[in-house]
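Structure file data-v6.cif; described as mmCIF, C-alpha atoms.
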data_upload
#
loop_
_atom_site.group_PDB
_atom_site.id
_atom_site.type_symbol
_atom_site.label_atom_id
_atom_site.label_comp_id
_atom_site.auth_asym_id
_atom_site.auth_seq_id
_atom_site.Cartn_x
_atom_site.Cartn_y
_atom_site.Cartn_z
ATOM 1 C CA MET A 252 139.288 170.233 92.212
ATOM 2 C CA SER A 253 142.751 169.563 90.752
ATOM 3 C CA ALA A 254 144.090 166.073 90.128
ATOM 4 C CA MET A 255 146.735 166.527 92.867
ATOM 5 C CA SER A 256 144.411 167.945 95.540
ATOM 6 C CA ILE A 257 143.908 165.925 98.695
ATOM 7 C CA ASP A 258 140.634 166.018 100.588
ATOM 8 C CA LEU A 259 140.655 163.167 103.072
ATOM 9 C CA SER A 260 136.953 163.600 103.739
ATOM 10 C CA MET A 261 136.390 161.944 100.376
ATOM 11 C CA LEU A 262 137.756 158.731 101.885
ATOM 12 C CA ALA A 263 134.969 158.668 104.477
ATOM 13 C CA PHE A 264 132.949 155.451 104.640
ATOM 14 C CA SER A 265 129.604 157.205 104.226
ATOM 15 C CA PRO A 266 128.501 159.341 101.229
ATOM 16 C CA PRO A 267 129.715 161.581 99.807
ATOM 17 C CA GLY A 268 132.933 159.786 100.779
ATOM 18 C CA TRP A 269 134.160 156.843 98.724
ATOM 19 C CA GLY A 270 135.891 154.854 101.471
ATOM 20 C CA GLY A 271 133.060 152.334 101.666
ATOM 21 C CA ASN A 272 133.256 151.757 97.919
ATOM 22 C CA LEU A 273 136.996 151.120 98.108
ATOM 23 C CA LEU A 274 136.572 148.639 100.957
ATOM 24 C CA ARG A 275 133.788 146.873 99.065
ATOM 25 C CA GLY A 276 136.104 146.644 96.079
ATOM 26 C CA LEU A 277 138.853 145.239 98.302
ATOM 27 C CA VAL A 278 136.479 142.564 99.625
ATOM 28 C CA HIS A 279 135.552 141.603 96.061
ATOM 29 C CA THR A 280 139.246 141.514 95.184
ATOM 30 C CA VAL A 281 139.940 139.078 98.033
ATOM 31 C CA GLU A 282 136.920 136.933 97.110
ATOM 32 C CA ILE A 283 138.059 136.643 93.495
ATOM 33 C CA ALA A 284 141.665 136.001 94.505
ATOM 34 C CA VAL A 285 140.747 133.240 96.977
ATOM 35 C CA GLY A 286 138.432 131.521 94.502
ATOM 36 C CA ALA A 287 140.870 131.802 91.597
ATOM 37 C CA TYR A 288 143.782 130.645 93.775
ATOM 38 C CA ALA A 289 141.863 127.573 94.930
ATOM 39 C CA LEU A 290 140.830 126.737 91.365
ATOM 40 C CA GLY A 291 144.380 127.301 90.148
ATOM 41 C CA LEU A 292 145.802 124.995 92.825
ATOM 42 C CA THR A 293 143.281 122.295 91.910
ATOM 43 C CA LEU A 294 144.147 122.551 88.225
ATOM 44 C CA GLY A 295 147.839 122.810 89.049
ATOM 45 C CA LEU A 296 147.883 119.701 91.224
ATOM 46 C CA GLY A 297 146.044 117.701 88.591
ATOM 47 C CA GLY A 298 148.311 119.103 85.898
ATOM 48 C CA ALA A 299 151.479 118.329 87.845
ATOM 49 C CA MET A 300 150.440 114.742 88.498
ATOM 50 C CA GLY A 301 149.379 114.358 84.877
ATOM 51 C CA LYS A 302 152.686 115.655 83.581
ATOM 52 C CA LEU A 303 154.638 113.322 85.831
ATOM 53 C CA ASN A 304 152.525 110.180 85.563
ATOM 54 C CA GLY A 305 150.248 110.617 82.535
ATOM 55 C CA GLY A 306 150.535 109.150 79.078
ATOM 56 C CA PRO A 307 151.980 110.923 76.027
ATOM 57 C CA VAL A 308 148.644 112.441 74.959
ATOM 58 C CA LEU A 309 147.865 113.813 78.415
ATOM 59 C CA ARG A 310 151.382 115.154 78.880
ATOM 60 C CA GLY A 311 151.241 116.824 75.476
ATOM 61 C CA ALA A 312 147.888 118.450 76.251
ATOM 62 C CA LEU A 313 149.140 119.703 79.616
ATOM 63 C CA GLU A 314 152.339 121.005 78.047
ATOM 64 C CA ALA A 315 150.255 122.992 75.553
ATOM 65 C CA TYR A 316 148.078 124.320 78.398
ATOM 66 C CA THR A 317 150.994 125.500 80.519
ATOM 67 C CA THR A 318 152.831 126.951 77.516
ATOM 68 C CA ILE A 319 149.815 128.950 76.341
ATOM 69 C CA GLY A 320 148.894 129.980 79.885
ATOM 70 C CA ARG A 321 152.354 131.346 80.594
ATOM 71 C CA ALA A 322 153.250 132.721 77.152
ATOM 72 C CA ILE A 323 150.160 134.736 76.213
ATOM 73 C CA PRO A 324 149.604 137.979 78.150
ATOM 74 C CA GLU A 325 147.095 137.429 80.919
ATOM 75 C CA LEU A 326 144.869 140.292 79.828
ATOM 76 C CA ILE A 327 144.383 138.703 76.401
ATOM 77 C CA LEU A 328 143.578 135.330 77.958
ATOM 78 C CA MET A 329 141.134 136.978 80.345
ATOM 79 C CA LEU A 330 139.324 138.775 77.547
ATOM 80 C CA ILE A 331 139.101 135.568 75.498
ATOM 81 C CA LEU A 332 137.890 133.455 78.405
ATOM 82 C CA PHE A 333 135.580 136.123 79.827
ATOM 83 C CA TYR A 334 133.729 136.711 76.572
ATOM 84 C CA ALA A 335 134.212 133.472 74.641
ATOM 85 C CA GLY A 336 133.900 131.133 77.630
ATOM 86 C CA PRO A 337 130.239 131.869 78.482
ATOM 87 C CA GLN A 338 129.332 131.896 74.787
ATOM 88 C CA PHE A 339 130.998 128.510 74.274
ATOM 89 C CA LEU A 340 129.178 127.070 77.297
ATOM 90 C CA ASN A 341 125.807 128.373 76.133
ATOM 91 C CA ASN A 342 126.389 127.011 72.635
ATOM 92 C CA ILE A 343 126.920 123.564 74.128
ATOM 93 C CA LEU A 344 123.832 123.876 76.317
ATOM 94 C CA THR A 345 121.589 125.007 73.473
ATOM 95 C CA SER A 346 122.861 122.230 71.202
ATOM 96 C CA TYR A 347 121.560 119.717 73.757
ATOM 97 C CA GLY A 348 118.273 121.553 74.260
ATOM 98 C CA TYR A 349 119.137 123.222 77.569
ATOM 99 C CA PRO A 350 118.295 126.890 78.240
ATOM 100 C CA LEU A 351 120.925 129.609 78.229
ATOM 101 C CA VAL A 352 122.610 130.419 81.517
ATOM 102 C CA ASP A 353 123.565 133.850 82.784
ATOM 103 C CA ILE A 354 127.014 133.424 84.273
ATOM 104 C CA ASN A 355 127.631 135.431 87.431
ATOM 105 C CA GLY A 356 130.390 138.024 87.108
ATOM 106 C CA LEU A 357 132.117 136.795 90.261
ATOM 107 C CA ALA A 358 132.126 133.208 88.986
ATOM 108 C CA ALA A 359 133.409 134.329 85.589
ATOM 109 C CA GLY A 360 136.214 136.326 87.192
ATOM 110 C CA ILE A 361 137.245 133.398 89.373
ATOM 111 C CA PHE A 362 137.178 131.037 86.397
ATOM 112 C CA VAL A 363 139.253 133.310 84.183
ATOM 113 C CA LEU A 364 141.969 133.957 86.757
ATOM 114 C CA GLY A 365 141.867 130.349 87.991
ATOM 115 C CA VAL A 366 142.604 128.938 84.545
ATOM 116 C CA VAL A 367 145.559 131.296 84.154
ATOM 117 C CA GLN A 368 146.776 130.476 87.664
ATOM 118 C CA GLY A 369 146.495 126.766 86.950
ATOM 119 C CA ALA A 370 149.178 126.967 84.260
ATOM 120 C CA TYR A 371 151.665 128.474 86.704
ATOM 121 C CA SER A 372 150.615 126.242 89.594
ATOM 122 C CA THR A 373 151.215 123.158 87.458
ATOM 123 C CA GLU A 374 154.884 123.995 87.047
ATOM 124 C CA VAL A 375 155.375 125.090 90.662
ATOM 125 C CA LEU A 376 153.874 121.875 92.031
ATOM 126 C CA ARG A 377 155.615 119.693 89.465
ATOM 127 C CA GLY A 378 158.957 121.124 90.508
ATOM 128 C CA ALA A 379 158.103 120.627 94.188
ATOM 129 C CA ILE A 380 157.204 116.982 93.583
ATOM 130 C CA GLN A 381 160.380 116.374 91.588
ATOM 131 C CA SER A 382 162.435 117.780 94.478
ATOM 132 C CA ILE A 383 161.347 114.874 96.707
ATOM 133 C CA PRO A 384 164.142 112.297 97.027
ATOM 134 C CA LEU A 385 163.214 109.366 94.814
ATOM 135 C CA GLY A 386 164.179 106.932 97.555
ATOM 136 C CA GLN A 387 161.233 108.010 99.707
ATOM 137 C CA ILE A 388 158.738 107.202 96.968
ATOM 138 C CA GLU A 389 160.473 103.934 96.107
ATOM 139 C CA ALA A 390 160.416 102.923 99.768
ATOM 140 C CA ALA A 391 156.675 103.599 99.917
ATOM 141 C CA LYS A 392 156.181 101.411 96.854
ATOM 142 C CA ALA A 393 158.278 98.676 98.442
ATOM 143 C CA TYR A 394 156.008 98.741 101.502
ATOM 144 C CA GLY A 395 153.032 98.179 99.223
ATOM 145 C CA MET A 396 151.399 101.575 99.631
ATOM 146 C CA SER A 397 148.651 102.348 97.149
ATOM 147 C CA PRO A 398 149.150 105.371 94.857
ATOM 148 C CA TRP A 399 146.659 107.357 96.958
ATOM 149 C CA LYS A 400 148.448 106.552 100.216
ATOM 150 C CA ARG A 401 151.803 107.379 98.649
ATOM 151 C CA PHE A 402 150.437 110.746 97.642
ATOM 152 C CA THR A 403 148.735 111.621 100.939
ATOM 153 C CA ARG A 404 151.413 110.251 103.280
ATOM 154 C CA ILE A 405 154.661 110.778 101.364
ATOM 155 C CA ILE A 406 154.412 113.037 98.328
ATOM 156 C CA PHE A 407 152.040 115.740 99.541
ATOM 157 C CA PRO A 408 153.638 116.359 102.979
ATOM 158 C CA ALA A 409 157.129 116.373 101.442
ATOM 159 C CA MET A 410 156.293 118.690 98.556
ATOM 160 C CA ILE A 411 154.513 121.407 100.560
ATOM 161 C CA PRO A 412 157.629 123.018 102.149
ATOM 162 C CA ASN A 413 159.289 123.232 98.733
ATOM 163 C CA ALA A 414 156.170 124.574 97.035
ATOM 164 C CA ILE A 415 155.263 127.314 99.526
ATOM 165 C CA PRO A 416 157.626 130.035 98.187
ATOM 166 C CA GLY A 417 156.313 129.580 94.666
ATOM 167 C CA LEU A 418 152.714 129.343 95.828
ATOM 168 C CA ALA A 419 153.135 132.513 97.867
ATOM 169 C CA ASN A 420 154.302 134.340 94.750
ATOM 170 C CA LEU A 421 151.306 133.022 92.821
ATOM 171 C CA TRP A 422 148.964 134.322 95.517
ATOM 172 C CA LEU A 423 150.549 137.767 95.390
ATOM 173 C CA ASN A 424 150.253 137.718 91.610
ATOM 174 C CA VAL A 425 146.575 136.779 91.619
ATOM 175 C CA THR A 426 145.712 139.546 94.080
ATOM 176 C CA LYS A 427 147.238 142.018 91.614
ATOM 177 C CA ASP A 428 145.766 140.315 88.543
ATOM 178 C CA THR A 429 142.262 140.929 89.865
ATOM 179 C CA ALA A 430 142.798 144.556 88.796
ATOM 180 C CA LEU A 431 142.699 143.382 85.179
ATOM 181 C CA LEU A 432 139.034 142.459 85.613
ATOM 182 C CA ALA A 433 138.238 146.164 85.767
ATOM 183 C CA VAL A 434 138.660 146.089 81.982
ATOM 184 C CA VAL A 435 135.566 143.877 81.663
ATOM 185 C CA GLY A 436 133.624 145.961 84.172
ATOM 186 C CA PHE A 437 133.770 143.769 87.269
ATOM 187 C CA SER A 438 133.447 145.760 90.466
ATOM 188 C CA GLU A 439 136.701 145.047 92.278
ATOM 189 C CA LEU A 440 139.114 147.480 93.914
ATOM 190 C CA MET A 441 140.574 148.876 90.690
ATOM 191 C CA LEU A 442 137.203 149.631 89.116
ATOM 192 C CA GLU A 443 135.865 151.179 92.315
ATOM 193 C CA THR A 444 138.989 153.338 92.480
ATOM 194 C CA ARG A 445 138.658 154.398 88.869
ATOM 195 C CA GLN A 446 135.034 155.368 89.375
ATOM 196 C CA ALA A 447 135.818 157.317 92.541
ATOM 197 C CA ALA A 448 138.734 159.127 90.911
ATOM 198 C CA GLY A 449 136.783 159.873 87.742
ATOM 199 C CA THR A 450 133.824 161.297 89.639
ATOM 200 C CA SER A 451 135.805 163.385 92.106
ATOM 201 C CA LYS A 452 138.762 164.182 89.817
ATOM 202 C CA ALA A 453 141.009 163.429 92.806
ATOM 203 C CA TYR A 454 143.046 160.920 90.833
ATOM 204 C CA PHE A 455 146.219 161.117 92.881
ATOM 205 C CA MET A 456 144.525 160.580 96.235
ATOM 206 C CA PHE A 457 142.363 157.645 95.197
ATOM 207 C CA TYR A 458 145.047 155.796 93.248
ATOM 208 C CA VAL A 459 147.476 156.202 96.145
ATOM 209 C CA ALA A 460 144.757 154.913 98.504
ATOM 210 C CA ALA A 461 144.233 151.886 96.236
ATOM 211 C CA ALA A 462 147.986 151.257 96.106
ATOM 212 C CA LEU A 463 148.155 151.312 99.907
ATOM 213 C CA LEU A 464 145.276 148.827 100.139
ATOM 214 C CA TYR A 465 147.037 146.465 97.720
ATOM 215 C CA LEU A 466 150.257 146.902 99.696
ATOM 216 C CA ALA A 467 148.491 146.130 102.979
ATOM 217 C CA LEU A 468 146.929 143.009 101.468
ATOM 218 C CA SER A 469 150.334 141.882 100.200
ATOM 219 C CA GLN A 470 152.059 142.442 103.544
ATOM 220 C CA VAL A 471 149.403 140.503 105.453
ATOM 221 C CA SER A 472 149.669 137.710 102.896
ATOM 222 C CA ILE A 473 153.458 137.588 103.216
ATOM 223 C CA LEU A 474 153.188 137.274 106.997
ATOM 224 C CA ILE A 475 150.666 134.434 106.692
ATOM 225 C CA PHE A 476 152.762 132.500 104.162
ATOM 226 C CA SER A 477 155.914 133.029 106.233
ATOM 227 C CA TRP A 478 154.131 131.565 109.252
ATOM 228 C CA ILE A 479 152.890 128.606 107.213
ATOM 229 C CA GLU A 480 156.362 127.963 105.805
ATOM 230 C CA GLN A 481 157.954 128.051 109.253
ATOM 231 C CA ARG A 482 155.443 125.498 110.536
ATOM 232 C CA GLN A 483 155.915 123.239 107.521
ATOM 233 C CA ARG A 484 159.707 123.345 107.805
ATOM 234 C CA ARG A 485 159.830 122.405 111.483
ATOM 235 C CA GLY A 486 162.162 119.478 111.900
ATOM 236 C CA ILE A 487 163.709 119.917 108.453
ATOM 237 C CA ALA A 488 167.460 120.449 108.543
ATOM 238 C CA ARG A 489 168.589 123.755 107.041
ATOM 239 C CA VAL A 490 171.508 123.889 104.622
ATOM 240 C CA ALA A 491 174.306 125.989 106.076
#

What do you get writing this file as structure tokens?
Amino acid sequence: MSAMSIDLSMLAFSPPGWGGNLLRGLVHTVEIAVGAYALGLTLGLGGAMGKLNGGPVLRGALEAYTTIGRAIPELILMLILFYAGPQFLNNILTSYGYPLVDINGLAAGIFVLGVVQGAYSTEVLRGAIQSIPLGQIEAAKAYGMSPWKRFTRIIFPAMIPNAIPGLANLWLNVTKDTALLAVVGFSELMLETRQAAGTSKAYFMFYVAAALLYLALSQVSILIFSWIEQRQRRGIARVA
């Protein structure tokens, strides 16, 4: 079979078709993306608050984290974290007399992408917080609100509309970055596609099918984020 031949029966969901494998890879891709995105947002929110309100040491550490996370190619960071991270953890465990742990591939993939995402999320959320008019925060302080209440009632609701465009881009990026995990052998959409194409030699058909699945995931994501942004911006005056 030539590389450009198209036999749609090979996309069937049951063997000898590979459609089921591609869908399983897509599900794994979404699972990794959701987990990494949530971890990245958690790290990003903590990093943004630390950069804005932390001391010199904390701000310096966070600046180094965001600089390294955004400057070094993601594939290199993933390889370092994927291989060195579990080894580092096990070295710590063994030094305290604990047994070695076998880190699940899904958890490792989420951790690797989440750490990278956290560097970008930190800057997106920091910018969104800084866009809040200072008078709103000062008024909350004048009313005697605690830092937690100021965050939950003033800062967080006001920052979300400004952060959504950047957060939407980060989500689209992480869905594509999951393909990099194929390098370390994790079974997501890209690896499943590569295996299907390599076995059948129908490279064109399977890579186009994978591209269409990524495109469909992106379009659905864009619609969801657009809906969220519209809801969050209700009542906010638009600049003409």

Proximity to Thr373 (chain A) - best of A:Phe333, A:Tyr349, A:Phe476, A:Tyr316, only C-alpha atoms
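When distances to Thr373 (chain A) are compared using only C-alpha atoms, the smallest one comes from A:Tyr316.
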
What are the nearest atom pairs, with distances in Å to one decimal, for all residues of region 318-416 of chain A that come at most 8 Å from region 434-457 of chain A, using all atoms listed in the file, set out by chain and rising residue number as CSV?
residue,atom,partner,partner_atom,distance
A:Leu330,CA,A:Val435,CA,7.6
A:Phe333,CA,A:Val435,CA,8.0
A:Gly356,CA,A:Phe437,CA,6.7
A:Leu357,CA,A:Phe437,CA,7.8
A:Gly360,CA,A:Phe437,CA,7.8

Would you write out, as an mmCIF file with C-alpha atoms, keeping the file's coordinate frame, every residue that the PyMOL selection byres ((chain A and resi 418-431) around 10) captures in this file?
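Done, and the output landed in part33.cif:
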data_model
loop_
_atom_site.group_PDB
_atom_site.id
_atom_site.type_symbol
_atom_site.label_atom_id
_atom_site.label_comp_id
_atom_site.auth_asym_id
_atom_site.auth_seq_id
_atom_site.Cartn_x
_atom_site.Cartn_y
_atom_site.Cartn_z
ATOM 1 C CA LEU A 277 138.853 145.239 98.302
ATOM 2 C CA HIS A 279 135.552 141.603 96.061
ATOM 3 C CA THR A 280 139.246 141.514 95.184
ATOM 4 C CA VAL A 281 139.940 139.078 98.033
ATOM 5 C CA GLU A 282 136.920 136.933 97.110
ATOM 6 C CA ILE A 283 138.059 136.643 93.495
ATOM 7 C CA ALA A 284 141.665 136.001 94.505
ATOM 8 C CA VAL A 285 140.747 133.240 96.977
ATOM 9 C CA ALA A 287 140.870 131.802 91.597
ATOM 10 C CA TYR A 288 143.782 130.645 93.775
ATOM 11 C CA ALA A 289 141.863 127.573 94.930
ATOM 12 C CA GLY A 291 144.380 127.301 90.148
ATOM 13 C CA LEU A 292 145.802 124.995 92.825
ATOM 14 C CA GLU A 325 147.095 137.429 80.919
ATOM 15 C CA LEU A 326 144.869 140.292 79.828
ATOM 16 C CA MET A 329 141.134 136.978 80.345
ATOM 17 C CA LEU A 330 139.324 138.775 77.547
ATOM 18 C CA GLY A 360 136.214 136.326 87.192
ATOM 19 C CA ILE A 361 137.245 133.398 89.373
ATOM 20 C CA VAL A 363 139.253 133.310 84.183
ATOM 21 C CA LEU A 364 141.969 133.957 86.757
ATOM 22 C CA GLY A 365 141.867 130.349 87.991
ATOM 23 C CA VAL A 367 145.559 131.296 84.154
ATOM 24 C CA GLN A 368 146.776 130.476 87.664
ATOM 25 C CA GLY A 369 146.495 126.766 86.950
ATOM 26 C CA TYR A 371 151.665 128.474 86.704
ATOM 27 C CA SER A 372 150.615 126.242 89.594
ATOM 28 C CA VAL A 375 155.375 125.090 90.662
ATOM 29 C CA LEU A 376 153.874 121.875 92.031
ATOM 30 C CA ILE A 411 154.513 121.407 100.560
ATOM 31 C CA ASN A 413 159.289 123.232 98.733
ATOM 32 C CA ALA A 414 156.170 124.574 97.035
ATOM 33 C CA ILE A 415 155.263 127.314 99.526
ATOM 34 C CA PRO A 416 157.626 130.035 98.187
ATOM 35 C CA GLY A 417 156.313 129.580 94.666
ATOM 36 C CA LEU A 432 139.034 142.459 85.613
ATOM 37 C CA ALA A 433 138.238 146.164 85.767
ATOM 38 C CA VAL A 434 138.660 146.089 81.982
ATOM 39 C CA VAL A 435 135.566 143.877 81.663
ATOM 40 C CA GLY A 436 133.624 145.961 84.172
ATOM 41 C CA PHE A 437 133.770 143.769 87.269
ATOM 42 C CA SER A 438 133.447 145.760 90.466
ATOM 43 C CA GLU A 439 136.701 145.047 92.278
ATOM 44 C CA LEU A 440 139.114 147.480 93.914
ATOM 45 C CA MET A 441 140.574 148.876 90.690
ATOM 46 C CA LEU A 442 137.203 149.631 89.116
ATOM 47 C CA TYR A 465 147.037 146.465 97.720
ATOM 48 C CA LEU A 466 150.257 146.902 99.696
ATOM 49 C CA LEU A 468 146.929 143.009 101.468
ATOM 50 C CA SER A 469 150.334 141.882 100.200
ATOM 51 C CA GLN A 470 152.059 142.442 103.544
ATOM 52 C CA SER A 472 149.669 137.710 102.896
ATOM 53 C CA ILE A 473 153.458 137.588 103.216
ATOM 54 C CA ILE A 475 150.666 134.434 106.692
ATOM 55 C CA PHE A 476 152.762 132.500 104.162
ATOM 56 C CA SER A 477 155.914 133.029 106.233
ATOM 57 C CA GLU A 480 156.362 127.963 105.805
#

For the atom pair CA of Pro337 (chain A) and CA of Gly320 (chain A), what is the interatomic distance in Å to one decimal place?
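According to the coordinates, CA of Pro337 (chain A) and CA of Gly320 (chain A) are separated by 18.8 Å.
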
What would the selection look like, as a PyMOL selection string, if the PyMOL selection byres ((chain A and resi 405) around 12) were run on the coordinates I just shared?
chain A and resi 380+383-392+396-404+406-411

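Distance-wise, CA of Ser382 (chain A) and CA of Val471 (chain A) end up 28.4 Å apart.
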
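Relative to CA of Ala370 (chain A), CA of Ala322 (chain A) is found at 10.0 Å.
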
Determine the nearest neighbour of Tyr334 (chain A) from the options A:Ala393, A:Val352, A:Ala359, A:Ala312, counting only C-alpha atoms.
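So, comparing all the options, the nearest one is A:Ala359.
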
When you count all atoms listed in the file, which of these residues is closest to Gly378 (chain A): A:Ile319, A:Arg275, A:Pro412, A:Pro324?
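Among the listed residues, A:Pro412 lies closest to Gly378 (chain A).
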
Find the residues near Trp269 (chain A): any atom within 9 Å, counting all atoms listed in the file, skip ones fewer than 3 places away on the same chain, and give them as a list of chain:residue names.
A:Ser260, A:Met261, A:Leu262, A:Ala263, A:Phe264, A:Ser265, A:Pro266, A:Asn272, A:Leu273, A:Leu274, A:Glu443, A:Thr444, A:Ala447, A:Phe457

Can you take the partial region 422-433 of chain A, add N, CA and C atoms, and return it as a JSON list (two decimals), in the coordinates of the input?
[["chain", "number", "residue", "atom", "x", "y", "z"],
["A", 422, "TRP", "N", 150.04, 133.62, 94.81],
["A", 422, "TRP", "CA", 148.96, 134.32, 95.52],
["A", 422, "TRP", "C", 149.11, 135.83, 95.38],
["A", 423, "LEU", "N", 150.33, 136.34, 95.54],
["A", 423, "LEU", "CA", 150.55, 137.77, 95.39],
["A", 423, "LEU", "C", 150.22, 138.22, 93.97],
["A", 424, "ASN", "N", 150.55, 137.36, 93.00],
["A", 424, "ASN", "CA", 150.25, 137.72, 91.61],
["A", 424, "ASN", "C", 148.75, 137.76, 91.35],
["A", 425, "VAL", "N", 148.01, 136.81, 91.91],
["A", 425, "VAL", "CA", 146.57, 136.78, 91.62],
["A", 425, "VAL", "C", 145.85, 137.94, 92.29],
["A", 426, "THR", "N", 146.35, 138.38, 93.45],
["A", 426, "THR", "CA", 145.71, 139.55, 94.08],
["A", 426, "THR", "C", 145.89, 140.79, 93.21],
["A", 427, "LYS", "N", 147.03, 140.88, 92.51],
["A", 427, "LYS", "CA", 147.24, 142.02, 91.61],
["A", 427, "LYS", "C", 146.50, 141.82, 90.29],
["A", 428, "ASP", "N", 146.42, 140.57, 89.83],
["A", 428, "ASP", "CA", 145.77, 140.32, 88.54],
["A", 428, "ASP", "C", 144.27, 140.60, 88.59],
["A", 429, "THR", "N", 143.69, 140.60, 89.78],
["A", 429, "THR", "CA", 142.26, 140.93, 89.86],
["A", 429, "THR", "C", 141.98, 142.32, 89.30],
["A", 430, "ALA", "N", 142.99, 143.21, 89.33],
["A", 430, "ALA", "CA", 142.80, 144.56, 88.80],
["A", 430, "ALA", "C", 142.50, 144.52, 87.30],
["A", 431, "LEU", "N", 142.95, 143.48, 86.61],
["A", 431, "LEU", "CA", 142.70, 143.38, 85.18],
["A", 431, "LEU", "C", 141.22, 143.19, 84.87],
["A", 432, "LEU", "N", 140.46, 142.67, 85.84],
["A", 432, "LEU", "CA", 139.03, 142.46, 85.61],
["A", 432, "LEU", "C", 138.26, 143.77, 85.52],
["A", 433, "ALA", "N", 138.90, 144.87, 85.93],
["A", 433, "ALA", "CA", 138.24, 146.16, 85.77],
["A", 433, "ALA", "C", 137.99, 146.46, 84.29]]
